[in-house]
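Peer 1: Mind having a look at this structure? Questions to follow.
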Amino acid sequence: MICRALGDISFSYLLSLHGKMQLLRRPGTWRWSLGGAALLLGLLSGCAADPGAERELNYGLTLAPTGIDPHINASVELGIPLSSVYDTLIFQDPDTGEFVPGLAVEWSISADGLSYTFILREDVVFHDGTNFDAAAVVANIDYVRDPDHRSQKAAAMLGPLDKVEVLSPNVVEFRLDRPYAPLLDSLSQVYLGMASPSALEKWGPAEYQFHQVGTGPFRFVEYLPNDRLVLERNPDYAWAPEIYRRDSPAIDRITFRFYEDPATRALALEGGQVDIIGELPHLEADRLAKSSDFNIDPVPIPGQPLQLIFNTARAPTDDVTVRQALVLGVDRSRIVETVFGGYSPVAAGPLSANSFGFAADSAFPEFDPEFASELLERAGWTLPDGSDVRRMGDADLQLALVVPPWGSNPEVGQLVASAWEQLGARVTLTVAPGFGPLNEARAQGEYSAIGMNSFGTDPDLLRPFYDSEGFFNWSDYRDPELDALLDAAAESFTSLDRREQLYQDFAAQVRDQWLILPVRDYVNLVGSSQKVEGLRFSAQGWFPYLNDLELRP
Amino acid sequence: MVPLSERSRITALVALARRLGAGLVTALAAVSLTFFALRLAAGDPVASLLSQGLTTPAQAEAIRRSLGYDLPLLQQYLHFLTNLTRGDLGVSLYSGQPVAAILSSQLASTLQLATLSLVFALPLGILLGSISSWKTRPTARRIATTLSGLATSLPVATTGVISLLIVSLLARGRVRGIQLWLPALVLGFAAAGPFARAVHSGLESSLSSPFILAAKARGLRRGRRIYWHALRPALPAAIALISLEAAFLFAGTVVTETVFSRPGLGRTLVRSILQADFPVAQGIVALAALIYVGSQMLADGLGWVLDPRLRGSG
């Protein structure tokens, strides 16, 4: 409408300009007119880039990841666009948690749990025309496991995988060294999505990220780092898994842009630059929720909650009674209410409440400041008269709290520190500016508690954090019994019930040892324009089913 | 005896060589400082790289070896310097892309923003600086002084978000070009502050100099004309600020690019430091040091050409 009006105006403008050029009576007027025409043409070209027939959507991402090859890179953000560029062998139903067919129509697990056999669809074609078959699966797994490619996540997700073999053109077998229950979960994620083997070979690991080729409902068009990533509808898509509600995508083109500054995200939505954006600050979400122009989806993210991990190798948190007091002395509900508004559940254990393996029976107890003080007394930390810092012998109760900069950790850290000061501790709070410095602080070991968490659908994500030799064993807690529990849970591939029970036993031990202070289950506040319909997310919580999105006219 | 012209040419060459040498030493110092500062402060790059994966210590060790981060620090440094002299900046730890390719893909956007900001900053700074010396119009003068004070003191992050707020409230629906002109305006406003102050102090001193007195004596009236008369000698000092402004603008793009979600070097630099992506951070600092040293040398050279008093001093 506006475009057409502008077109008319500029057309008549050009006509008058034509007249003036012939006459050239007043050179000054002529110059201004030319400027005006250029301006109008500029506006028009803006219109031309927005044709009405194409159904276009703009999606705001909140991190501009460095490296977006899902086989190599690890960021969550890359999965938001790329989960719809790739299909996976199987998919996980976000409502039931069950695995359903994807590129594999069926699969079977051998009795010893060491062999997984997948029968593949035979009608699937990659975006570049290559046929999908068992050899393609092997090529993908080889690419992930090539040590020169330095895969940051996908390789680790394969666990004790020994080899992948083509049994026939449409049958592939994964052979393991040990049983590994998380394998199906791994194979249902974008990090092990199926890429065209010819594209992998053609581009190689540095360039492939700019030319990604999958079999999914959307084709990869272009990626300009820090600027935009563009997807286009795959017109040949005819193998949608049953978890998708549409057979093929309704949107022609999706442009992703990166909004790293939280303060600008709601503005981008309100200003119409994006139709969907995640990670809204909760006050902005409150404001937008009141408007009829926008929807707010609080999407719970499974995995570990925002938590503080106690250092069990350094006084005073080496004492389990002190750790218990430090948990009970913090009003977690109030902190969550203050920092995150009404959207986030208070965390109750080492896994968030919507994770498989969550143990409601061994939930961390509520705020109890009197009992917390009593526990500290019992541990030998007493308050001298007229002082507000507890002492034992000639030592003050000193606590060093180190938190990462993301996800409101600094605000939470501040409130936790003041709660601990109320208990009679002297607290120093350090906000590490990034993961590097956080890990550096961890390596130096001068902390009583440190913030770190991870996201994921399979509770095996706990193992790096709690296993004696784990990469993230920042509590420095070493207990062979706990290791055995986690190993047994990772290997119990036959019975979900037994696996769940093992994780619940594990959660009880974490609570009994007071290894962490769980604060808040992660919730991603996604805002979308009213015209967007069918916004749903994968079991991981982060990844939208772009295939199901529709735009109201 | 050597003829005078030849002597001055030799002096010029010697001066140039000295400048060049000093510039290279400065750039080398910046790059080396970054190399060691990153390793001291940014933490373990391999741990950062694997922070989102479920990794075993053995996998981490293998990656560390393949990247050469298990070697002694000095050996890493020599390796880095050798590669640098060959123009090899390495590859990003995260994306595997050559650092040179990352630089070239992000440089254009930063240059575009910085140049356009300068285009806004120069006239605005000169205007504000002149008006703030305007003794006959106290109100205008006060407004100009306040504005240039605000420009100097308000952080770009604040003005950026406020301007975004205004624009998205005023223009509900799509605004085209918002990614370029709005950040350029915001950054230009901030950069206009120092300009305004330089113009203002230049004007103050030239207004009190004898030639203005002489002009007044010849009958030039107070008011605009006399300011124009005094402005011209005040400008070169302000223009010399441009090389300093180049550094300011580069620092400013770090915030502006993030607030306005623009691609660019500033944003890439911050992320690479936080992620401990050493090769990328080193590459950007090396480039920035070269640009800075280059623009300084250019400014020095211009001064040398324009002002005969500087010649011979080397």
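FYI, nothing fancy with the structure tokens labels: chains A, B, ... in order, residues from 1 per chain, ligands from 1 as they appear.
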To test your reading of the structure, identify every residue in region 285-404 of chain A that backbone DSSP assigns to alpha helix (DSSP H), and report it as a compact mmCIF listing (two decimals) with all heavy atoms, in the first residue's frame.

Peer 2:
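Result file part.txt:
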```txt
# COMPACT_ATOMS: atom_id res chain seq x y z
N ALA A 285 9.31 -8.93 29.28
CA ALA A 285 8.31 -9.94 28.96
C ALA A 285 6.98 -9.58 29.61
O ALA A 285 5.92 -9.69 28.99
CB ALA A 285 8.78 -11.31 29.44
N ASP A 286 7.02 -9.11 30.86
CA ASP A 286 5.80 -8.67 31.54
C ASP A 286 5.10 -7.59 30.74
O ASP A 286 3.89 -7.61 30.55
CB ASP A 286 6.15 -8.09 32.92
CG ASP A 286 6.36 -9.20 33.94
OD1 ASP A 286 5.91 -10.32 33.67
OD2 ASP A 286 6.97 -8.92 34.99
N ARG A 287 5.89 -6.63 30.30
CA ARG A 287 5.32 -5.50 29.57
C ARG A 287 4.69 -5.96 28.26
O ARG A 287 3.56 -5.61 27.94
CB ARG A 287 6.44 -4.50 29.29
CG ARG A 287 6.00 -3.18 28.72
CD ARG A 287 7.14 -2.16 28.82
NE ARG A 287 8.35 -2.56 28.14
CZ ARG A 287 8.52 -2.51 26.82
NH1 ARG A 287 7.53 -2.06 26.07
NH2 ARG A 287 9.63 -2.90 26.26
N LEU A 288 5.43 -6.81 27.51
CA LEU A 288 4.92 -7.26 26.22
C LEU A 288 3.69 -8.15 26.39
O LEU A 288 2.78 -8.14 25.56
CB LEU A 288 6.00 -8.02 25.45
CG LEU A 288 7.18 -7.18 24.97
CD1 LEU A 288 8.20 -8.07 24.27
CD2 LEU A 288 6.70 -6.11 24.00
N ALA A 289 3.68 -8.92 27.50
CA ALA A 289 2.55 -9.85 27.70
C ALA A 289 1.25 -9.08 27.86
O ALA A 289 0.17 -9.61 27.55
CB ALA A 289 2.82 -10.72 28.94
N LYS A 290 1.32 -7.85 28.32
CA LYS A 290 0.10 -7.08 28.50
C LYS A 290 -0.45 -6.56 27.18
O LYS A 290 -1.61 -6.21 27.08
CB LYS A 290 0.40 -5.88 29.42
CG LYS A 290 0.62 -6.28 30.86
CD LYS A 290 0.67 -5.07 31.77
CE LYS A 290 1.21 -5.45 33.14
NZ LYS A 290 2.58 -4.95 33.35
N VAL A 320 30.42 -30.61 55.65
CA VAL A 320 29.07 -30.80 55.10
C VAL A 320 28.03 -30.00 55.88
O VAL A 320 27.04 -29.52 55.32
CB VAL A 320 28.73 -32.31 55.01
CG1 VAL A 320 28.71 -32.94 56.39
CG2 VAL A 320 27.41 -32.53 54.30
N THR A 321 28.27 -29.83 57.19
CA THR A 321 27.31 -29.07 57.99
C THR A 321 27.29 -27.60 57.56
O THR A 321 26.23 -26.97 57.52
CB THR A 321 27.68 -29.16 59.49
OG1 THR A 321 28.01 -30.52 59.77
CG2 THR A 321 26.53 -28.74 60.36
N VAL A 322 28.46 -27.07 57.27
CA VAL A 322 28.52 -25.68 56.79
C VAL A 322 27.77 -25.55 55.47
O VAL A 322 26.99 -24.62 55.26
CB VAL A 322 29.99 -25.23 56.64
CG1 VAL A 322 30.07 -23.87 55.95
CG2 VAL A 322 30.67 -25.19 57.99
N ARG A 323 27.99 -26.53 54.57
CA ARG A 323 27.31 -26.47 53.28
C ARG A 323 25.79 -26.49 53.47
O ARG A 323 25.06 -25.72 52.84
CB ARG A 323 27.75 -27.65 52.38
CG ARG A 323 29.22 -27.65 52.04
CD ARG A 323 29.51 -28.50 50.82
NE ARG A 323 29.27 -29.93 50.99
CZ ARG A 323 30.19 -30.81 51.41
NH1 ARG A 323 31.42 -30.40 51.72
NH2 ARG A 323 29.89 -32.09 51.52
N GLN A 324 25.34 -27.36 54.37
CA GLN A 324 23.90 -27.42 54.63
C GLN A 324 23.40 -26.07 55.14
O GLN A 324 22.36 -25.57 54.69
CB GLN A 324 23.61 -28.51 55.66
CG GLN A 324 22.12 -28.69 55.92
CD GLN A 324 21.83 -29.77 56.95
OE1 GLN A 324 22.74 -30.37 57.53
NE2 GLN A 324 20.56 -30.02 57.19
N ALA A 325 24.15 -25.46 56.05
CA ALA A 325 23.73 -24.17 56.59
C ALA A 325 23.67 -23.12 55.49
O ALA A 325 22.74 -22.30 55.44
CB ALA A 325 24.71 -23.74 57.68
N LEU A 326 24.65 -23.17 54.57
CA LEU A 326 24.68 -22.17 53.50
C LEU A 326 23.52 -22.35 52.52
O LEU A 326 23.07 -21.40 51.89
CB LEU A 326 26.02 -22.23 52.75
CG LEU A 326 27.24 -21.83 53.59
CD1 LEU A 326 28.51 -21.93 52.76
CD2 LEU A 326 27.07 -20.42 54.15
N VAL A 327 23.02 -23.59 52.40
CA VAL A 327 21.83 -23.80 51.57
C VAL A 327 20.59 -23.29 52.30
O VAL A 327 19.78 -22.54 51.75
CB VAL A 327 21.68 -25.29 51.20
CG1 VAL A 327 20.34 -25.53 50.51
CG2 VAL A 327 22.83 -25.75 50.31
N LEU A 328 20.46 -23.70 53.57
CA LEU A 328 19.24 -23.34 54.31
C LEU A 328 19.17 -21.84 54.61
O LEU A 328 18.08 -21.31 54.82
CB LEU A 328 19.20 -24.12 55.64
CG LEU A 328 18.98 -25.62 55.47
CD1 LEU A 328 19.07 -26.31 56.82
CD2 LEU A 328 17.62 -25.88 54.83
N ARG A 332 15.74 -18.99 48.54
CA ARG A 332 15.83 -19.14 47.09
C ARG A 332 14.58 -18.63 46.39
O ARG A 332 14.66 -18.03 45.32
CB ARG A 332 16.07 -20.60 46.74
CG ARG A 332 17.51 -21.03 47.06
CD ARG A 332 17.58 -22.42 47.64
NE ARG A 332 16.98 -23.44 46.80
CZ ARG A 332 16.26 -24.46 47.26
NH1 ARG A 332 16.08 -24.60 48.56
NH2 ARG A 332 15.75 -25.33 46.43
N SER A 333 13.39 -18.85 47.02
CA SER A 333 12.15 -18.40 46.37
C SER A 333 12.18 -16.89 46.17
O SER A 333 11.78 -16.38 45.13
CB SER A 333 10.92 -18.74 47.21
OG SER A 333 11.00 -20.06 47.64
N ARG A 334 12.68 -16.21 47.20
CA ARG A 334 12.67 -14.76 47.10
C ARG A 334 13.68 -14.27 46.05
O ARG A 334 13.40 -13.34 45.30
CB ARG A 334 12.99 -14.13 48.46
CG ARG A 334 12.30 -12.81 48.57
CD ARG A 334 12.26 -12.29 49.97
NE ARG A 334 12.83 -10.97 49.96
CZ ARG A 334 13.60 -10.49 50.92
NH1 ARG A 334 13.88 -11.23 51.96
NH2 ARG A 334 14.06 -9.29 50.82
N ILE A 335 14.81 -14.93 46.00
CA ILE A 335 15.81 -14.54 44.99
C ILE A 335 15.24 -14.75 43.59
O ILE A 335 15.35 -13.88 42.72
CB ILE A 335 17.11 -15.37 45.17
CG1 ILE A 335 17.80 -14.93 46.46
CG2 ILE A 335 18.03 -15.19 43.97
CD1 ILE A 335 19.08 -15.66 46.75
N VAL A 336 14.61 -15.89 43.39
CA VAL A 336 14.07 -16.18 42.06
C VAL A 336 12.99 -15.16 41.71
O VAL A 336 12.93 -14.64 40.58
CB VAL A 336 13.52 -17.62 42.00
CG1 VAL A 336 12.76 -17.86 40.70
CG2 VAL A 336 14.66 -18.62 42.13
N GLU A 337 12.14 -14.85 42.69
CA GLU A 337 11.09 -13.85 42.46
C GLU A 337 11.71 -12.49 42.10
O GLU A 337 11.30 -11.82 41.16
CB GLU A 337 10.23 -13.73 43.73
CG GLU A 337 9.05 -12.78 43.62
CD GLU A 337 8.08 -13.16 42.51
OE1 GLU A 337 7.84 -14.38 42.34
OE2 GLU A 337 7.59 -12.25 41.81
N THR A 338 12.74 -12.10 42.86
CA THR A 338 13.37 -10.79 42.64
C THR A 338 14.07 -10.71 41.30
O THR A 338 13.90 -9.75 40.55
CB THR A 338 14.42 -10.52 43.74
OG1 THR A 338 13.81 -10.79 45.00
CG2 THR A 338 14.89 -9.08 43.71
N VAL A 339 14.86 -11.74 40.98
CA VAL A 339 15.71 -11.63 39.79
C VAL A 339 14.98 -12.06 38.52
O VAL A 339 15.19 -11.49 37.46
CB VAL A 339 17.00 -12.45 39.97
CG1 VAL A 339 17.90 -12.33 38.75
CG2 VAL A 339 17.75 -12.00 41.21
N PHE A 340 14.10 -13.06 38.64
CA PHE A 340 13.51 -13.63 37.42
C PHE A 340 12.02 -13.40 37.29
O PHE A 340 11.40 -13.89 36.34
CB PHE A 340 13.81 -15.13 37.34
CG PHE A 340 15.27 -15.44 37.40
CD1 PHE A 340 15.87 -15.87 38.56
CD2 PHE A 340 16.07 -15.28 36.27
CE1 PHE A 340 17.22 -16.15 38.61
CE2 PHE A 340 17.43 -15.55 36.30
CZ PHE A 340 18.00 -15.99 37.49
N PRO A 369 16.37 -19.93 58.28
CA PRO A 369 17.55 -19.22 58.80
C PRO A 369 17.92 -19.63 60.22
O PRO A 369 19.12 -19.70 60.54
CB PRO A 369 17.13 -17.74 58.74
CG PRO A 369 15.65 -17.74 58.64
CD PRO A 369 15.26 -19.01 57.97
N GLU A 370 16.91 -19.95 61.06
CA GLU A 370 17.25 -20.33 62.45
C GLU A 370 18.06 -21.62 62.46
O GLU A 370 19.09 -21.72 63.12
CB GLU A 370 15.99 -20.52 63.31
CG GLU A 370 15.31 -19.23 63.73
CD GLU A 370 14.35 -18.72 62.66
OE1 GLU A 370 13.74 -19.59 61.98
OE2 GLU A 370 14.25 -17.51 62.47
N PHE A 371 17.55 -22.61 61.68
CA PHE A 371 18.24 -23.88 61.64
C PHE A 371 19.64 -23.71 61.03
O PHE A 371 20.61 -24.33 61.48
CB PHE A 371 17.42 -24.90 60.85
CG PHE A 371 17.94 -26.31 60.93
CD1 PHE A 371 18.51 -26.80 62.11
CD2 PHE A 371 17.87 -27.15 59.82
CE1 PHE A 371 19.00 -28.10 62.18
CE2 PHE A 371 18.36 -28.45 59.88
CZ PHE A 371 18.92 -28.92 61.06
N ALA A 372 19.75 -22.81 60.04
CA ALA A 372 21.05 -22.55 59.42
C ALA A 372 22.04 -22.03 60.46
O ALA A 372 23.19 -22.50 60.54
CB ALA A 372 20.89 -21.55 58.28
N SER A 373 21.59 -21.09 61.30
CA SER A 373 22.47 -20.55 62.35
C SER A 373 22.86 -21.65 63.32
O SER A 373 24.02 -21.77 63.73
CB SER A 373 21.76 -19.45 63.13
OG SER A 373 21.39 -18.42 62.27
N GLU A 374 21.88 -22.46 63.67
CA GLU A 374 22.14 -23.54 64.61
C GLU A 374 23.20 -24.50 64.05
O GLU A 374 24.11 -24.94 64.76
CB GLU A 374 20.82 -24.27 64.86
CG GLU A 374 20.81 -25.18 66.07
CD GLU A 374 19.53 -25.99 66.10
OE1 GLU A 374 18.44 -25.40 65.94
OE2 GLU A 374 19.62 -27.22 66.27
N LEU A 375 23.07 -24.80 62.75
CA LEU A 375 24.03 -25.70 62.12
C LEU A 375 25.43 -25.12 62.17
O LEU A 375 26.41 -25.82 62.43
CB LEU A 375 23.62 -25.96 60.68
CG LEU A 375 22.44 -26.90 60.46
CD1 LEU A 375 21.98 -26.84 59.01
CD2 LEU A 375 22.82 -28.33 60.82
N LEU A 376 25.54 -23.81 61.92
CA LEU A 376 26.86 -23.18 61.96
C LEU A 376 27.45 -23.24 63.36
O LEU A 376 28.65 -23.50 63.53
CB LEU A 376 26.77 -21.74 61.47
CG LEU A 376 26.61 -21.57 59.95
CD1 LEU A 376 26.42 -20.11 59.58
CD2 LEU A 376 27.82 -22.14 59.21
N GLU A 377 26.59 -23.02 64.37
CA GLU A 377 27.06 -23.15 65.75
C GLU A 377 27.59 -24.56 65.98
O GLU A 377 28.66 -24.78 66.53
CB GLU A 377 25.89 -22.90 66.73
CG GLU A 377 25.26 -21.52 66.64
CD GLU A 377 26.03 -20.45 67.38
OE1 GLU A 377 26.80 -20.81 68.29
OE2 GLU A 377 25.89 -19.26 67.02
N ARG A 378 26.79 -25.52 65.50
CA ARG A 378 27.14 -26.91 65.69
C ARG A 378 28.48 -27.23 65.03
O ARG A 378 29.26 -28.03 65.51
CB ARG A 378 26.04 -27.79 65.09
CG ARG A 378 25.71 -29.02 65.92
CD ARG A 378 24.72 -29.89 65.18
NE ARG A 378 23.34 -29.42 65.28
CZ ARG A 378 22.34 -29.93 64.55
NH1 ARG A 378 22.57 -30.90 63.68
NH2 ARG A 378 21.12 -29.49 64.69
```

Peer 1: What's the 12 Å shell around Thr145 (chain B), counting only C-alpha atoms, without same-chain residues fewer than 6 positions away, as a VMD selection string?

Peer 2: chain B and resid 125 127 to 135 138 to 139 151 to 152 192 to 194 196 to 197 200

Peer 1: Could you please take those selected residues and save C-alpha atoms as a compact mmCIF listing (two decimals), in the first residue's frame?

Peer 2:
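Result file again_20.txt:
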```
# COMPACT_ATOMS: atom_id res chain seq x y z
CA GLY B 125 31.60 19.20 16.79
CA LEU B 127 29.08 23.75 15.28
CA LEU B 128 28.83 23.01 18.99
CA GLY B 129 32.35 24.24 19.62
CA SER B 130 31.72 27.52 17.81
CA ILE B 131 28.39 28.19 19.45
CA SER B 132 29.81 27.48 22.89
CA SER B 133 32.29 30.35 22.33
CA TRP B 134 29.45 32.65 21.32
CA LYS B 135 29.55 35.22 24.07
CA PRO B 138 24.16 33.18 26.38
CA THR B 139 21.22 30.80 25.89
CA ALA B 151 28.16 14.03 24.14
CA THR B 152 31.41 13.60 26.04
CA ALA B 192 31.55 15.19 18.50
CA GLY B 193 32.21 15.91 22.19
CA PRO B 194 36.03 16.01 22.01
CA ALA B 196 33.62 20.52 20.19
CA ARG B 197 35.99 21.01 23.08
CA HIS B 200 36.07 25.71 21.59
```

Peer 1: What are the closest atom pairs, with distances in Å to one decimal, for each residue of chain A lying within 6 Å of chain B, using only C-alpha atoms, rows by chain and rising residue number, as JSON lines?

Peer 2:
```
{"residue": "A:Thr66", "atom": "CA", "partner": "B:Ser95", "partner_atom": "CA", "distance": 5.7}
{"residue": "A:Gly67", "atom": "CA", "partner": "B:Ser95", "partner_atom": "CA", "distance": 3.7}
{"residue": "A:Ala74", "atom": "CA", "partner": "B:Gln52", "partner_atom": "CA", "distance": 5.8}
{"residue": "A:Gln152", "atom": "CA", "partner": "B:Leu50", "partner_atom": "CA", "distance": 5.4}
{"residue": "A:Lys153", "atom": "CA", "partner": "B:Gly53", "partner_atom": "CA", "distance": 4.3}
{"residue": "A:Ala156", "atom": "CA", "partner": "B:Thr55", "partner_atom": "CA", "distance": 5.7}
{"residue": "A:Ala206", "atom": "CA", "partner": "B:Gly96", "partner_atom": "CA", "distance": 4.8}
{"residue": "A:Asn226", "atom": "CA", "partner": "B:Pro263", "partner_atom": "CA", "distance": 4.4}
{"residue": "A:Asp227", "atom": "CA", "partner": "B:Pro263", "partner_atom": "CA", "distance": 5.0}
{"residue": "A:Phe258", "atom": "CA", "partner": "B:Ser261", "partner_atom": "CA", "distance": 5.9}
{"residue": "A:Tyr259", "atom": "CA", "partner": "B:Ser261", "partner_atom": "CA", "distance": 5.3}
{"residue": "A:Asp261", "atom": "CA", "partner": "B:Val259", "partner_atom": "CA", "distance": 5.6}
{"residue": "A:Gly271", "atom": "CA", "partner": "B:Ser168", "partner_atom": "CA", "distance": 4.5}
{"residue": "A:Gly272", "atom": "CA", "partner": "B:Gly173", "partner_atom": "CA", "distance": 4.8}
{"residue": "A:Gly434", "atom": "CA", "partner": "B:Leu274", "partner_atom": "CA", "distance": 5.0}
{"residue": "A:Phe435", "atom": "CA", "partner": "B:Ser48", "partner_atom": "CA", "distance": 5.9}
{"residue": "A:Gly436", "atom": "CA", "partner": "B:Gly43", "partner_atom": "CA", "distance": 4.2}
{"residue": "A:Pro437", "atom": "CA", "partner": "B:Gly43", "partner_atom": "CA", "distance": 5.0}
{"residue": "A:Glu440", "atom": "CA", "partner": "B:Gly43", "partner_atom": "CA", "distance": 5.1}
{"residue": "A:Phe471", "atom": "CA", "partner": "B:Pro57", "partner_atom": "CA", "distance": 5.7}
```

Peer 1: Restricting it to C-alpha atoms, dump the selection as a short mmCIF file (atom, residue, chain, number, x, y, z; two decimals), in the first residue's frame.

Peer 2:
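What follows is the written file selection.cif:
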```cif
data_model
loop_
_atom_site.label_atom_id
_atom_site.label_comp_id
_atom_site.auth_asym_id
_atom_site.auth_seq_id
_atom_site.Cartn_x
_atom_site.Cartn_y
_atom_site.Cartn_z
CA THR A 66 31.57 -18.20 16.51
CA GLY A 67 31.44 -21.21 14.27
CA ALA A 74 28.75 -26.57 20.54
CA GLN A 152 33.55 -29.59 20.67
CA LYS A 153 30.37 -31.48 21.44
CA ALA A 156 31.62 -36.45 22.99
CA ALA A 206 36.56 -24.40 7.86
CA ASN A 226 27.53 -11.23 13.19
CA ASP A 227 25.10 -10.04 10.56
CA PHE A 258 21.78 -11.45 16.35
CA TYR A 259 20.65 -9.35 19.31
CA ASP A 261 22.36 -6.87 24.14
CA GLY A 271 9.97 -2.09 16.25
CA GLY A 272 9.01 -4.91 13.88
CA GLY A 434 33.66 -14.99 30.73
CA PHE A 435 34.08 -18.74 30.77
CA GLY A 436 37.86 -18.48 30.44
CA PRO A 437 38.34 -16.38 33.59
CA GLU A 440 40.85 -19.85 35.62
CA PHE A 471 35.88 -32.16 33.40
#
```

Peer 1: What does the distance between CA of Phe364 (chain A) and CA of Pro305 (chain A) come to in Å, to one decimal place?

Peer 2: 12.5 Å

Peer 1: As a PyMOL selection string, please: the residues near Leu150 (chain B) (cut-off 10 Å, only C-alpha atoms, same-chain neighbours under 5 positions excluded).

Peer 2: chain B and resi 144-145+155+159+189-190+193

Peer 1: Hey, which of A:Tyr343, A:Phe174, A:Tyr545, A:Phe99 ends up closest to Leu280 (chain A)? Count only C-alpha atoms.

Peer 2: A:Tyr343

Peer 1: Do a neighbour search on Pro518 (chain A) at 8 Å with only C-alpha atoms, toss out local chain neighbours closer than 4 positions, and write the hits as number ranges by chain.

Peer 2: A: 305-308, 347-350, 364

Peer 1: Mind checking which residues fall within 10 Å of Ile276 (chain A), counting only C-alpha atoms, ignoring those fewer than 4 positions away in the same chain, and posting them as a list in words?

Peer 2: Leu57, Asn58, Tyr59, Gly60, Leu61, Phe256, Arg265, Ala266, Ala268, Leu269, Gly272, Phe294, Asn295, Ile296, Val526, Gly527, Ser528, Ser529, Gln530, Val532 and Leu535 of chain A

Peer 1: So which residues touch Leu207 (chain B) within 8 Å, counting only C-alpha atoms, skipping near sequence neighbours fewer than 3 positions away, as number ranges by chain?

Peer 2: B: 203-204, 212, 227, 230

Peer 1: Any chance you can output those residues with N, CA, C and O atoms as a short mmCIF file (atom, residue, chain, number, x, y, z; two decimals), in the first residue's frame?

Peer 2:
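Listing of out.cif after writing:
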```cif
data_model
loop_
_atom_site.label_atom_id
_atom_site.label_comp_id
_atom_site.auth_asym_id
_atom_site.auth_seq_id
_atom_site.Cartn_x
_atom_site.Cartn_y
_atom_site.Cartn_z
N LEU B 203 39.21 28.27 19.54
CA LEU B 203 38.53 29.55 19.29
C LEU B 203 38.85 30.55 20.40
O LEU B 203 39.16 31.71 20.12
N GLU B 204 38.79 30.08 21.64
CA GLU B 204 39.04 30.98 22.77
C GLU B 204 40.42 31.62 22.63
O GLU B 204 40.58 32.81 22.81
N ILE B 212 42.94 39.13 15.74
CA ILE B 212 41.53 39.42 15.91
C ILE B 212 41.35 40.87 16.37
O ILE B 212 40.48 41.60 15.89
N TYR B 227 33.69 35.38 14.30
CA TYR B 227 33.89 33.99 14.71
C TYR B 227 34.43 33.18 13.56
O TYR B 227 35.29 32.34 13.70
N ALA B 230 37.99 33.83 13.26
CA ALA B 230 38.81 33.20 14.29
C ALA B 230 38.79 31.68 14.20
O ALA B 230 39.70 31.00 14.68
#
```

Peer 1: Any idea what the distance is between CA of Glu106 (chain A) and CA of Leu89 (chain A)?

Peer 2: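 Separation of CA of Glu106 (chain A) and CA of Leu89 (chain A): 9.3 Å.
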
Peer 1: Point out the residue among A:Arg55, A:Arg245, A:Lys531, A:Lys163 with the least atom-to-atom distance to Asp142 (chain A), counting only C-alpha atoms.

Peer 2: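 Using only C-alpha atoms, Asp142 (chain A) sits closest to A:Lys163.
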
Peer 1: Please indicate the distance in Å from CA of Leu438 (chain A) to CA of Leu401 (chain A), rounded to one decimal place.

Peer 2: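 Taking CA of Leu438 (chain A) as the start and CA of Leu401 (chain A) as the end point, the length is 11.2 Å.
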